[in-house]
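Peer 1: I have a structure here, written as C-alpha cells, and I will follow up with some questions on it.
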Amino acid sequence: MERVMKLASQKAVVIFSLSSCCMCHTIKRLFCELGVNPAVYELDEDPRGREMEKALVRLLGRNPSVPVVFIGGKLVGSTDRVMALHLGGKLTPLLREAGALWL
C-alpha cells in the first residue's frame, strides 16, 4: 500500500492500469484528450505489479482493481467514478485544482 500511495502522490494525475484492459485504455484516452499527461503505471509490466494490484483491491474494496485514478494525490476511483465526474462537469475543475490543466 505504501508504494501505491507514494507513486500516487508524485504527479497531478496517476493511473494504475493493465496494458490489456479496455477500460484502462478508455480512461487513459479520456485524460489525454482533456490535455492531461498522467503518470501511468501498467501493473502487468511492473515487477511489483501484483503486490500493487493487491493493495489497490484493498483500497477500493473490489476486484478488478483497475483502472484506478488518483488526482492531486487523492483517490478518485475507477472508471465509473471518473466518468460520473466527467459527465457531471466536475472532472475538469478537479484537474485544474490539482495543477494538471492550465486553462
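Residues in the C-alpha cells are numbered from 1 in each chain, the chains being A, B, ... in the order shown, and ligands are numbered from 1 in the order shown.
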Tell me which protein, DNA and RNA residues are within 12 Å of range 21-31 of chain A, counting only C-alpha atoms, leaving out same-chain ones fewer than 4 positions away, and put them as a ChimeraX atom specification.
Peer 2: /A:12-17,35-44,64-71,77-83,86-87,91-92,95,100-101
Peer 1: Residues of range 1-98 of chain A in strand (DSSP E or B) according to DSSP, as a tab-separated table (two decimals) with C-alpha atoms, in the first residue's frame?
Peer 2:
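So the final result, stored in selection_12.tsv, reads:
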chain	number	residue	atom	x	y	z
A	13	VAL	CA	-2.79	12.60	-12.20
A	14	VAL	CA	-1.80	8.98	-11.70
A	15	ILE	CA	-3.46	5.98	-13.32
A	16	PHE	CA	-2.85	2.38	-12.29
A	17	SER	CA	-3.66	0.19	-15.26
A	39	ALA	CA	1.65	9.10	-14.93
A	40	VAL	CA	0.55	5.61	-15.95
A	41	TYR	CA	1.68	2.51	-14.12
A	42	GLU	CA	0.99	-0.67	-16.07
A	68	VAL	CA	-7.60	3.34	-10.57
A	69	VAL	CA	-7.18	7.10	-10.80
A	70	PHE	CA	-5.60	9.48	-8.30
A	71	ILE	CA	-5.85	13.23	-8.79
A	74	LYS	CA	-6.24	11.66	-3.66
A	75	LEU	CA	-8.06	8.53	-4.70
A	76	VAL	CA	-10.79	9.33	-7.22
A	77	GLY	CA	-11.70	5.75	-8.05
Peer 1: For Gly99 in chain A, which residue out of A:Gly72, A:Glu45, A:Leu85, A:Arg58 is the nearest one, using only C-alpha atoms?
Peer 2: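 That would be A:Gly72, the residue with the smallest distance to Gly99 in chain A.
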Peer 1: Go through range 3-103 of chain A and collect every residue that DSSP, computed from the backbone, puts in helix (DSSP H, G or I); the answer should be as JSON, numbers by chain.
Peer 2: {"A": [3, 4, 5, 6, 7, 8, 22, 23, 24, 25, 26, 27, 28, 29, 30, 31, 32, 33, 43, 44, 45, 49, 50, 51, 52, 53, 54, 55, 56, 57, 58, 59, 60, 79, 80, 81, 82, 83, 84, 85, 86, 87, 91, 92, 93, 94, 95, 96, 97, 98]}
Peer 1: Name the closest residue to Glu97 in chain A among the candidates A:Ser20, A:Glu51, A:Gly73, A:Arg62; distances are taken between atoms, counting only C-alpha atoms.
Peer 2: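 Under the stated criterion, the closest residue is A:Gly73.
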